[in-house]
file data-v3.cif (mmCIF, C-alpha atoms, pLDDT in the B column; chains and numbers go by the auth columns)
data_my_file
loop_
_atom_site.group_PDB
_atom_site.id
_atom_site.type_symbol
_atom_site.label_atom_id
_atom_site.label_comp_id
_atom_site.label_asym_id
_atom_site.label_seq_id
_atom_site.Cartn_x
_atom_site.Cartn_y
_atom_site.Cartn_z
_atom_site.B_iso_or_equiv
_atom_site.auth_seq_id
_atom_site.auth_asym_id
ATOM 1 C CA MET A 1 19.202 -8.645 15.325 45.00 45 A
ATOM 2 C CA ALA A 2 21.877 -11.078 14.248 47.00 46 A
ATOM 3 C CA ASP A 3 21.466 -12.273 10.722 51.00 47 A
ATOM 4 C CA ARG A 4 21.342 -15.881 11.743 52.00 48 A
ATOM 5 C CA ASP A 5 18.481 -15.201 14.104 67.00 49 A
ATOM 6 C CA LYS A 6 16.176 -13.720 11.511 79.00 50 A
ATOM 7 C CA PRO A 7 12.652 -14.811 12.369 91.00 51 A
ATOM 8 C CA VAL A 8 9.932 -16.331 10.256 97.00 52 A
ATOM 9 C CA VAL A 9 7.007 -13.908 10.190 97.00 53 A
ATOM 10 C CA ASN A 10 3.527 -14.621 8.938 98.00 54 A
ATOM 11 C CA LEU A 11 1.859 -12.165 6.615 98.00 55 A
ATOM 12 C CA ASN A 12 -1.697 -13.168 7.483 97.00 56 A
ATOM 13 C CA ARG A 13 -1.261 -12.986 11.235 97.00 57 A
ATOM 14 C CA ALA A 14 0.550 -9.666 10.912 97.00 58 A
ATOM 15 C CA MET A 15 -2.308 -8.272 8.844 97.00 59 A
ATOM 16 C CA ASP A 16 -4.858 -9.513 11.384 97.00 60 A
ATOM 17 C CA ALA A 17 -3.009 -7.554 14.051 97.00 61 A
ATOM 18 C CA LEU A 18 -3.032 -4.228 12.205 96.00 62 A
ATOM 19 C CA ASP A 19 -5.301 -1.864 14.083 93.00 63 A
ATOM 20 C CA GLU A 20 -4.447 1.641 13.059 95.00 64 A
ATOM 21 C CA LEU A 21 -5.152 2.879 9.565 96.00 65 A
ATOM 22 C CA TRP A 22 -2.393 4.229 7.313 96.00 66 A
ATOM 23 C CA GLN A 23 0.370 3.145 9.718 95.00 67 A
ATOM 24 C CA PRO A 24 2.674 0.803 7.822 96.00 68 A
ATOM 25 C CA GLN A 25 4.590 -1.811 9.756 96.00 69 A
ATOM 26 C CA VAL A 26 7.754 -3.535 8.605 96.00 70 A
ATOM 27 C CA LEU A 27 7.245 -7.224 7.927 97.00 71 A
ATOM 28 C CA ALA A 28 10.752 -7.934 6.679 97.00 72 A
ATOM 29 C CA GLN A 29 13.856 -6.288 5.291 96.00 73 A
ATOM 30 C CA MET A 30 15.735 -7.455 2.201 96.00 74 A
ATOM 31 C CA ASN A 31 19.047 -5.648 1.683 96.00 75 A
ATOM 32 C CA ASP A 32 18.063 -2.014 2.142 95.00 76 A
ATOM 33 C CA ASN A 33 14.399 -2.470 1.346 97.00 77 A
ATOM 34 C CA ASP A 34 11.378 -2.841 3.574 97.00 78 A
ATOM 35 C CA VAL A 35 8.443 -5.105 2.967 97.00 79 A
ATOM 36 C CA ARG A 36 5.697 -3.250 4.785 97.00 80 A
ATOM 37 C CA ILE A 37 2.058 -3.967 5.416 98.00 81 A
ATOM 38 C CA ALA A 38 -0.690 -1.456 6.054 98.00 82 A
ATOM 39 C CA ARG A 39 -4.393 -1.316 6.626 98.00 83 A
ATOM 40 C CA ILE A 40 -5.984 1.557 4.786 98.00 84 A
ATOM 41 C CA LYS A 41 -9.413 3.114 4.419 98.00 85 A
ATOM 42 C CA GLY A 42 -10.370 6.477 3.029 98.00 86 A
ATOM 43 C CA GLU A 43 -8.249 8.909 1.090 97.00 87 A
ATOM 44 C CA PHE A 44 -4.535 9.384 1.548 96.00 88 A
ATOM 45 C CA ILE A 45 -2.834 12.619 0.517 96.00 89 A
ATOM 46 C CA TRP A 46 -1.263 13.406 -2.827 97.00 90 A
ATOM 47 C CA HIS A 47 2.474 12.860 -2.575 96.00 91 A
ATOM 48 C CA THR A 48 5.556 11.927 -4.571 96.00 92 A
ATOM 49 C CA HIS A 49 8.625 9.805 -3.910 96.00 93 A
ATOM 50 C CA ASP A 50 11.247 11.558 -5.971 96.00 94 A
ATOM 51 C CA ASP A 51 13.922 8.930 -5.533 95.00 95 A
ATOM 52 C CA THR A 52 12.137 5.624 -5.519 97.00 96 A
ATOM 53 C CA ASP A 53 9.509 3.423 -7.066 97.00 97 A
ATOM 54 C CA GLU A 54 6.844 2.128 -4.676 97.00 98 A
ATOM 55 C CA LEU A 55 5.295 -1.305 -5.105 98.00 99 A
ATOM 56 C CA PHE A 56 1.703 -1.907 -3.982 98.00 100 A
ATOM 57 C CA MET A 57 0.127 -5.346 -3.650 98.00 101 A
ATOM 58 C CA VAL A 58 -3.448 -5.721 -2.437 98.00 102 A
ATOM 59 C CA MET A 59 -3.766 -8.645 -0.060 98.00 103 A
ATOM 60 C CA ARG A 60 -7.387 -8.116 1.043 98.00 104 A
ATOM 61 C CA GLY A 61 -10.004 -5.732 -0.287 98.00 105 A
ATOM 62 C CA ARG A 62 -9.520 -3.257 -3.084 98.00 106 A
ATOM 63 C CA MET A 63 -8.062 0.175 -3.597 98.00 107 A
ATOM 64 C CA ARG A 64 -7.266 2.635 -6.298 98.00 108 A
ATOM 65 C CA ILE A 65 -4.231 4.740 -6.979 98.00 109 A
ATOM 66 C CA GLU A 66 -4.945 8.103 -8.520 98.00 110 A
ATOM 67 C CA MET A 67 -2.189 9.641 -10.605 97.00 111 A
ATOM 68 C CA PRO A 68 -2.200 12.766 -12.786 96.00 112 A
ATOM 69 C CA GLU A 69 -2.580 10.827 -16.018 94.00 113 A
ATOM 70 C CA ARG A 70 -4.384 7.668 -14.967 95.00 114 A
ATOM 71 C CA THR A 71 -6.104 5.892 -12.119 97.00 115 A
ATOM 72 C CA VAL A 72 -5.559 2.189 -11.496 97.00 116 A
ATOM 73 C CA THR A 73 -7.939 0.024 -9.490 98.00 117 A
ATOM 74 C CA LEU A 74 -6.331 -2.851 -7.628 98.00 118 A
ATOM 75 C CA GLU A 75 -8.224 -5.949 -6.568 98.00 119 A
ATOM 76 C CA GLN A 76 -6.962 -8.760 -4.355 98.00 120 A
ATOM 77 C CA GLY A 77 -3.632 -10.059 -5.655 98.00 121 A
ATOM 78 C CA ASP A 78 -3.058 -7.110 -7.961 98.00 122 A
ATOM 79 C CA VAL A 79 0.397 -5.587 -8.051 98.00 123 A
ATOM 80 C CA PHE A 80 1.274 -2.128 -9.286 98.00 124 A
ATOM 81 C CA VAL A 81 4.461 -0.107 -9.151 97.00 125 A
ATOM 82 C CA VAL A 82 4.181 3.656 -8.885 97.00 126 A
ATOM 83 C CA PRO A 83 7.278 4.880 -10.733 96.00 127 A
ATOM 84 C CA LYS A 84 9.543 7.258 -8.889 95.00 128 A
ATOM 85 C CA GLY A 85 8.615 10.861 -9.370 96.00 129 A
ATOM 86 C CA VAL A 86 4.988 10.148 -10.185 97.00 130 A
ATOM 87 C CA ARG A 87 2.535 11.978 -7.946 97.00 131 A
ATOM 88 C CA HIS A 88 -0.111 9.652 -6.539 98.00 132 A
ATOM 89 C CA LYS A 89 -2.961 9.378 -4.074 98.00 133 A
ATOM 90 C CA PRO A 90 -4.029 5.989 -2.671 98.00 134 A
ATOM 91 C CA VAL A 91 -7.733 5.640 -1.906 98.00 135 A
ATOM 92 C CA ALA A 92 -9.721 2.753 -0.430 98.00 136 A
ATOM 93 C CA GLU A 93 -13.501 2.976 -0.128 98.00 137 A
ATOM 94 C CA GLU A 94 -13.571 0.071 2.340 98.00 138 A
ATOM 95 C CA ASP A 95 -10.993 -1.567 4.605 98.00 139 A
ATOM 96 C CA CYS A 96 -8.070 -2.764 2.548 98.00 140 A
ATOM 97 C CA TRP A 97 -4.839 -4.521 3.497 98.00 141 A
ATOM 98 C CA ILE A 98 -1.803 -3.876 1.357 98.00 142 A
ATOM 99 C CA LEU A 99 1.791 -4.952 1.078 98.00 143 A
ATOM 100 C CA LEU A 100 4.370 -2.334 0.095 98.00 144 A
ATOM 101 C CA ILE A 101 7.965 -2.651 -1.032 97.00 145 A
ATOM 102 C CA GLU A 102 10.192 0.390 -0.874 96.00 146 A
ATOM 103 C CA PRO A 103 13.636 1.364 0.387 96.00 147 A
ATOM 104 C CA SER A 104 14.034 1.355 4.153 95.00 148 A
ATOM 105 C CA GLY A 105 13.519 4.845 5.481 90.00 149 A
ATOM 106 C CA THR A 106 11.040 5.866 2.813 93.00 150 A
ATOM 107 C CA ILE A 107 8.511 8.263 4.300 92.00 151 A
ATOM 108 C CA ASN A 108 4.936 7.277 3.567 93.00 152 A
ATOM 109 C CA THR A 109 3.902 10.797 2.618 92.00 153 A
ATOM 110 C CA GLY A 110 7.000 11.509 0.540 92.00 154 A
ATOM 111 C CA ALA A 111 8.038 15.145 0.842 86.00 155 A
ATOM 112 C CA GLU A 112 4.653 16.171 2.281 87.00 156 A
ATOM 113 C CA GLN A 113 4.411 16.708 6.020 85.00 157 A
ATOM 114 C CA SER A 114 0.953 15.660 7.080 89.00 158 A
ATOM 115 C CA SER A 115 -1.051 14.166 9.905 88.00 159 A
ATOM 116 C CA ARG A 116 -0.810 11.055 7.761 89.00 160 A
ATOM 117 C CA THR A 117 2.967 10.951 8.093 92.00 161 A
ATOM 118 C CA ALA A 118 3.653 7.698 9.899 92.00 162 A
ATOM 119 C CA ALA A 119 6.326 6.660 12.326 87.00 163 A
ATOM 120 C CA ARG A 120 9.089 4.795 10.538 81.00 164 A
ATOM 121 C CA ASP A 121 10.695 1.490 11.366 83.00 165 A
ATOM 122 C CA VAL A 122 7.744 0.117 13.295 89.00 166 A
ATOM 123 C CA TRP A 123 8.037 -3.648 13.044 90.00 167 A
ATOM 124 C CA VAL A 124 5.217 -6.127 13.167 89.00 168 A
ATOM 125 C CA GLU A 125 4.844 -7.814 16.552 76.00 169 A
ATOM 126 C CA MET B 1 8.223 -0.209 -21.297 44.00 51 B
ATOM 127 C CA ALA B 2 7.511 3.412 -20.549 47.00 52 B
ATOM 128 C CA ASP B 3 7.081 4.105 -16.889 51.00 53 B
ATOM 129 C CA ARG B 4 3.642 5.522 -17.342 52.00 54 B
ATOM 130 C CA ASP B 5 2.500 2.356 -19.032 67.00 55 B
ATOM 131 C CA LYS B 6 3.376 0.022 -16.195 79.00 56 B
ATOM 132 C CA PRO B 7 0.722 -2.680 -16.066 91.00 57 B
ATOM 133 C CA VAL B 8 -1.310 -4.028 -13.194 97.00 58 B
ATOM 134 C CA VAL B 9 -0.437 -7.705 -12.801 97.00 59 B
ATOM 135 C CA ASN B 10 -2.291 -10.232 -10.705 98.00 60 B
ATOM 136 C CA LEU B 11 -0.330 -12.513 -8.421 98.00 61 B
ATOM 137 C CA ASN B 12 -2.941 -15.267 -8.311 97.00 62 B
ATOM 138 C CA ARG B 13 -3.447 -15.500 -12.047 97.00 63 B
ATOM 139 C CA ALA B 14 0.307 -15.426 -12.617 97.00 64 B
ATOM 140 C CA MET B 15 0.765 -18.277 -10.157 97.00 65 B
ATOM 141 C CA ASP B 16 -1.991 -20.290 -11.854 97.00 66 B
ATOM 142 C CA ALA B 17 -0.104 -19.951 -15.129 97.00 67 B
ATOM 143 C CA LEU B 18 3.211 -21.279 -13.788 96.00 68 B
ATOM 144 C CA ASP B 19 3.865 -24.625 -15.404 93.00 69 B
ATOM 145 C CA GLU B 20 7.518 -25.378 -15.109 95.00 70 B
ATOM 146 C CA LEU B 21 9.089 -26.097 -11.751 96.00 71 B
ATOM 147 C CA TRP B 22 11.985 -23.999 -10.411 96.00 72 B
ATOM 148 C CA GLN B 23 11.675 -21.416 -13.212 95.00 73 B
ATOM 149 C CA PRO B 24 11.052 -18.045 -11.574 96.00 74 B
ATOM 150 C CA GLN B 25 9.162 -15.405 -13.513 96.00 75 B
ATOM 151 C CA VAL B 26 9.288 -11.684 -12.901 96.00 76 B
ATOM 152 C CA LEU B 27 6.005 -10.315 -11.614 97.00 77 B
ATOM 153 C CA ALA B 28 7.180 -6.737 -11.111 97.00 78 B
ATOM 154 C CA GLN B 29 10.277 -4.597 -10.723 96.00 79 B
ATOM 155 C CA MET B 30 10.780 -1.997 -8.022 96.00 80 B
ATOM 156 C CA ASN B 31 13.905 0.124 -8.530 96.00 81 B
ATOM 157 C CA ASP B 32 16.544 -2.501 -9.255 95.00 82 B
ATOM 158 C CA ASN B 33 14.739 -5.371 -7.568 97.00 83 B
ATOM 159 C CA ASP B 34 12.611 -8.145 -8.966 97.00 84 B
ATOM 160 C CA VAL B 35 9.509 -9.562 -7.401 97.00 85 B
ATOM 161 C CA ARG B 36 9.515 -13.082 -8.785 97.00 86 B
ATOM 162 C CA ILE B 37 7.178 -16.011 -8.450 98.00 87 B
ATOM 163 C CA ALA B 38 8.040 -19.670 -8.781 98.00 88 B
ATOM 164 C CA ARG B 39 6.430 -23.051 -8.500 98.00 89 B
ATOM 165 C CA ILE B 40 8.679 -25.539 -6.768 98.00 90 B
ATOM 166 C CA LYS B 41 8.638 -29.198 -5.834 98.00 91 B
ATOM 167 C CA GLY B 42 11.479 -31.420 -4.752 98.00 92 B
ATOM 168 C CA GLU B 43 14.968 -30.437 -3.706 97.00 93 B
ATOM 169 C CA PHE B 44 16.883 -27.496 -5.077 96.00 94 B
ATOM 170 C CA ILE B 45 20.678 -27.388 -4.929 96.00 95 B
ATOM 171 C CA TRP B 46 22.786 -25.911 -2.175 97.00 96 B
ATOM 172 C CA HIS B 47 23.884 -22.430 -3.191 96.00 97 B
ATOM 173 C CA THR B 48 24.854 -19.024 -1.856 96.00 98 B
ATOM 174 C CA HIS B 49 24.161 -15.442 -2.896 96.00 99 B
ATOM 175 C CA ASP B 50 27.298 -13.676 -1.763 96.00 100 B
ATOM 176 C CA ASP B 51 26.057 -10.173 -2.445 95.00 101 B
ATOM 177 C CA THR B 52 22.398 -10.188 -1.572 97.00 102 B
ATOM 178 C CA ASP B 53 19.690 -11.230 0.825 97.00 103 B
ATOM 179 C CA GLU B 54 16.874 -13.271 -0.676 97.00 104 B
ATOM 180 C CA LEU B 55 13.310 -12.970 0.557 98.00 105 B
ATOM 181 C CA PHE B 56 10.978 -15.973 0.396 98.00 106 B
ATOM 182 C CA MET B 57 7.217 -15.775 0.916 98.00 107 B
ATOM 183 C CA VAL B 58 5.077 -18.902 0.625 98.00 108 B
ATOM 184 C CA MET B 59 1.841 -18.145 -1.192 98.00 109 B
ATOM 185 C CA ARG B 60 0.475 -21.712 -1.488 98.00 110 B
ATOM 186 C CA GLY B 61 1.737 -24.912 0.059 98.00 111 B
ATOM 187 C CA ARG B 62 4.748 -25.258 2.307 98.00 112 B
ATOM 188 C CA MET B 63 8.494 -25.520 1.983 98.00 113 B
ATOM 189 C CA ARG B 64 11.609 -25.608 4.071 98.00 114 B
ATOM 190 C CA ILE B 65 14.899 -23.839 3.722 98.00 115 B
ATOM 191 C CA GLU B 66 17.882 -25.822 4.912 98.00 116 B
ATOM 192 C CA MET B 67 20.887 -23.849 6.067 97.00 117 B
ATOM 193 C CA PRO B 68 24.103 -25.014 7.712 96.00 118 B
ATOM 194 C CA GLU B 69 23.006 -23.981 11.176 94.00 119 B
ATOM 195 C CA ARG B 70 19.222 -24.225 11.041 95.00 120 B
ATOM 196 C CA THR B 71 16.286 -25.279 8.935 97.00 121 B
ATOM 197 C CA VAL B 72 13.139 -23.166 8.731 97.00 122 B
ATOM 198 C CA THR B 73 9.768 -24.514 7.649 98.00 123 B
ATOM 199 C CA LEU B 74 7.523 -22.015 5.881 98.00 124 B
ATOM 200 C CA GLU B 75 3.760 -22.386 5.727 98.00 125 B
ATOM 201 C CA GLN B 76 1.349 -20.272 3.706 98.00 126 B
ATOM 202 C CA GLY B 77 1.950 -16.578 4.371 98.00 127 B
ATOM 203 C CA ASP B 78 5.293 -17.144 6.047 98.00 128 B
ATOM 204 C CA VAL B 79 8.126 -14.818 5.124 98.00 129 B
ATOM 205 C CA PHE B 80 11.805 -15.508 5.636 98.00 130 B
ATOM 206 C CA VAL B 81 14.915 -13.686 4.488 97.00 131 B
ATOM 207 C CA VAL B 82 18.020 -15.724 3.771 97.00 132 B
ATOM 208 C CA PRO B 83 20.851 -13.341 4.656 96.00 133 B
ATOM 209 C CA LYS B 84 23.486 -12.736 2.035 95.00 134 B
ATOM 210 C CA GLY B 85 26.340 -15.161 2.207 96.00 135 B
ATOM 211 C CA VAL B 86 24.324 -17.880 3.920 97.00 136 B
ATOM 212 C CA ARG B 87 24.351 -21.191 2.072 97.00 137 B
ATOM 213 C CA HIS B 88 20.878 -22.610 1.665 98.00 138 B
ATOM 214 C CA LYS B 89 18.825 -25.310 -0.016 98.00 139 B
ATOM 215 C CA PRO B 90 15.099 -24.855 -0.652 98.00 140 B
ATOM 216 C CA VAL B 91 13.014 -28.031 -0.485 98.00 141 B
ATOM 217 C CA ALA B 92 9.298 -28.623 -1.046 98.00 142 B
ATOM 218 C CA GLU B 93 7.807 -32.058 -0.502 98.00 143 B
ATOM 219 C CA GLU B 94 4.679 -31.109 -2.469 98.00 144 B
ATOM 220 C CA ASP B 95 3.846 -28.416 -5.003 98.00 145 B
ATOM 221 C CA CYS B 96 4.528 -25.005 -3.535 98.00 146 B
ATOM 222 C CA TRP B 97 4.157 -21.504 -4.944 98.00 147 B
ATOM 223 C CA ILE B 98 6.524 -18.855 -3.671 98.00 148 B
ATOM 224 C CA LEU B 99 7.200 -15.169 -4.075 98.00 149 B
ATOM 225 C CA LEU B 100 10.816 -14.020 -4.086 98.00 150 B
ATOM 226 C CA ILE B 101 12.357 -10.578 -3.782 97.00 151 B
ATOM 227 C CA GLU B 102 15.936 -10.069 -4.866 96.00 152 B
ATOM 228 C CA PRO B 103 17.987 -7.691 -7.014 96.00 153 B
ATOM 229 C CA SER B 104 17.291 -7.875 -10.737 95.00 154 B
ATOM 230 C CA GLY B 105 19.805 -10.150 -12.378 90.00 155 B
ATOM 231 C CA THR B 106 20.244 -12.412 -9.368 93.00 156 B
ATOM 232 C CA ILE B 107 20.896 -15.963 -10.569 92.00 157 B
ATOM 233 C CA ASN B 108 18.669 -18.512 -8.887 93.00 158 B
ATOM 234 C CA THR B 109 21.523 -20.928 -8.234 92.00 159 B
ATOM 235 C CA GLY B 110 23.946 -18.271 -7.028 92.00 160 B
ATOM 236 C CA ALA B 111 27.505 -19.097 -8.075 86.00 161 B
ATOM 237 C CA GLU B 112 26.624 -22.739 -8.837 88.00 162 B
ATOM 238 C CA GLN B 113 26.114 -23.709 -12.446 85.00 163 B
ATOM 239 C CA SER B 114 23.474 -26.400 -12.537 89.00 164 B
ATOM 240 C CA SER B 115 20.673 -27.843 -14.606 88.00 165 B
ATOM 241 C CA ARG B 116 18.539 -25.884 -12.133 89.00 166 B
ATOM 242 C CA THR B 117 20.006 -22.564 -13.316 92.00 167 B
ATOM 243 C CA ALA B 118 17.036 -20.695 -14.763 92.00 168 B
ATOM 244 C CA ALA B 119 16.713 -18.206 -17.568 87.00 169 B
ATOM 245 C CA ARG B 120 16.696 -14.691 -16.218 81.00 170 B
ATOM 246 C CA ASP B 121 14.329 -11.859 -16.918 83.00 171 B
ATOM 247 C CA VAL B 122 11.418 -14.057 -17.901 89.00 172 B
ATOM 248 C CA TRP B 123 8.309 -12.017 -17.223 90.00 173 B
ATOM 249 C CA VAL B 124 4.897 -13.323 -16.347 90.00 174 B
ATOM 250 C CA GLU B 125 2.505 -13.354 -19.286 76.00 175 B
#
call {"tool": "encode", "arguments": {"input": "data-v3.cif", "output": "structure tokens"}}
result
Amino acid sequence: MADRDKPVVNLNRAMDALDELWQPQVLAQMNDNDVRIARIKGEFIWHTHDDTDELFMVMRGRMRIEMPERTVTLEQGDVFVVPKGVRHKPVAEEDCWILLIEPSGTINTGAEQSSRTAARDVWVE
Amino acid sequence: MADRDKPVVNLNRAMDALDELWQPQVLAQMNDNDVRIARIKGEFIWHTHDDTDELFMVMRGRMRIEMPERTVTLEQGDVFVVPKGVRHKPVAEEDCWILLIEPSGTINTGAEQSSRTAARDVWVE
């Protein structure tokens, strides 16, 4: 779309509309980065992003991120950056809505091919 | 700080602690980008970021972004990206708390030197 026609999107309404689990949608792009939102529940797979950090922000619910040397638990409003190259596994016991920031084109499962691998570049409605 | 020691920070508590207006603080860094938060009220100055988009998300309150060809009003949860090179002036009639995403080192007033020009690289407590 033309730059001057960039829309205003609403985070809350976009989260309300998320049906499918573990399928991030693009809320906005800033330079070559995506701001994505996802609804998650259950265990994701262990994976690594060799070339990029990945920022997680919990908007609703809670989750944890398991890493080889530590596990962090994230409550509503908590922000955590998984450094590039660090293997991690996101887990949510109950429904959880998260915001992610990562370079456009980043694959959600990193180098792992999995049934969890999501379509890319799916924008919010 | 060492990558493996990255902290969990809480957006809500960091916003509660913002005293000074128009003084962004860094909540987190992802690759070479800052996620910043700011408390704003009143009119900012007209300025341009020639080399970067700037993402605004309103967390509490409302604001508007005036641009030469349009003005957008942002309510809570609204996200808008000012494209690089587009002159803009943020305005908030009442107290407003925003989240910003832009490359680390981006100066809040762009190329304009102003009393509004903020210290860079100030992290949340």
call {"tool": "closest_residue", "arguments": {"input": "data-v3.cif", "among": "B:Ile148, B:Ala88, B:Leu77, B:Leu105", "to": "Lys134 (chain B)", "atoms": "only C-alpha atoms"}}
result
B:Leu105
call {"tool": "resolve_selection", "arguments": {"input": "data-v3.cif", "expression": "the PyMOL selection byres ((chain A) within 6 of (chain B))", "output": "PyMOL selection string"}}
result
chain A and resi 52-56+74-75+97+121-124
call {"tool": "write_last_selection", "arguments": {"input": "data-v3.cif", "atoms": "C-alpha atoms", "output": "mmCIF file, in the coordinates of the input"}}
result
data_model
loop_
_atom_site.group_PDB
_atom_site.id
_atom_site.type_symbol
_atom_site.label_atom_id
_atom_site.label_comp_id
_atom_site.auth_asym_id
_atom_site.auth_seq_id
_atom_site.Cartn_x
_atom_site.Cartn_y
_atom_site.Cartn_z
ATOM 1 C CA VAL A 52 9.932 -16.331 10.256
ATOM 2 C CA VAL A 53 7.007 -13.908 10.190
ATOM 3 C CA ASN A 54 3.527 -14.621 8.938
ATOM 4 C CA LEU A 55 1.859 -12.165 6.615
ATOM 5 C CA ASN A 56 -1.697 -13.168 7.483
ATOM 6 C CA MET A 74 15.735 -7.455 2.201
ATOM 7 C CA ASN A 75 19.047 -5.648 1.683
ATOM 8 C CA ASP A 97 9.509 3.423 -7.066
ATOM 9 C CA GLY A 121 -3.632 -10.059 -5.655
ATOM 10 C CA ASP A 122 -3.058 -7.110 -7.961
ATOM 11 C CA VAL A 123 0.397 -5.587 -8.051
ATOM 12 C CA PHE A 124 1.274 -2.128 -9.286
#
call {"tool": "closest_residue", "arguments": {"input": "data-v3.cif", "among": "B:Asp84, B:Glu175, B:Asp100, B:Glu93", "to": "Asp145 (chain B)", "atoms": "all atoms listed in the file"}}
result
B:Glu93
call {"tool": "closest_residue", "arguments": {"input": "data-v3.cif", "among": "B:Asp171, B:Ile87, B:Ile157, B:Ala142", "to": "Met65 (chain B)", "atoms": "only C-alpha atoms"}}
result
B:Ile87
call {"tool": "resolve_selection", "arguments": {"input": "data-v3.cif", "expression": "the PyMOL selection byres ((chain B and resi 146) around 6)", "output": "list in words"}}
result
Arg89, Ile90, Arg110, Gly111, Arg112, Asp145 and Trp147 of chain B
call {"tool": "atom_distance", "arguments": {"input": "data-v3.cif", "atom1": "CA of His99 (chain B)", "atom2": "CA of Ala161 (chain B)"}}
result
7.2 Å
call {"tool": "residues_near_point", "arguments": {"input": "data-v3.cif", "point": "(29.1, -19.5, -5.4)", "cutoff": "6 Å", "atoms": "all atoms listed in the file", "output": "list in words"}}
result
Thr98, Gly160, Ala161 and Glu162 of chain B
call {"tool": "axis_aligned_box", "arguments": {"input": "data-v3.cif", "around": "region 118-136 of chain B", "padding_each_side": "5 Å", "output": "AutoDock Vina command-line options"}}
result
--center_x 13.8 --center_y -19.0 --center_z 6.6 --size_x 35.0 --size_y 22.5 --size_z 19.1
call {"tool": "atom_distance", "arguments": {"input": "data-v3.cif", "atom1": "CA of Thr159 (chain B)", "atom2": "CA of Lys139 (chain B)"}}
result
9.7 Å
call {"tool": "atom_distance", "arguments": {"input": "data-v3.cif", "atom1": "CA of Gly155 (chain B)", "atom2": "CA of Leu68 (chain B)"}}
result
20.0 Å
call {"tool": "resolve_selection", "arguments": {"input": "data-v3.cif", "expression": "the PyMOL selection byres ((chain B and resi 96) around 6)", "output": "NGL selection string"}}
result
:B and (95 or 97 or 138-139)
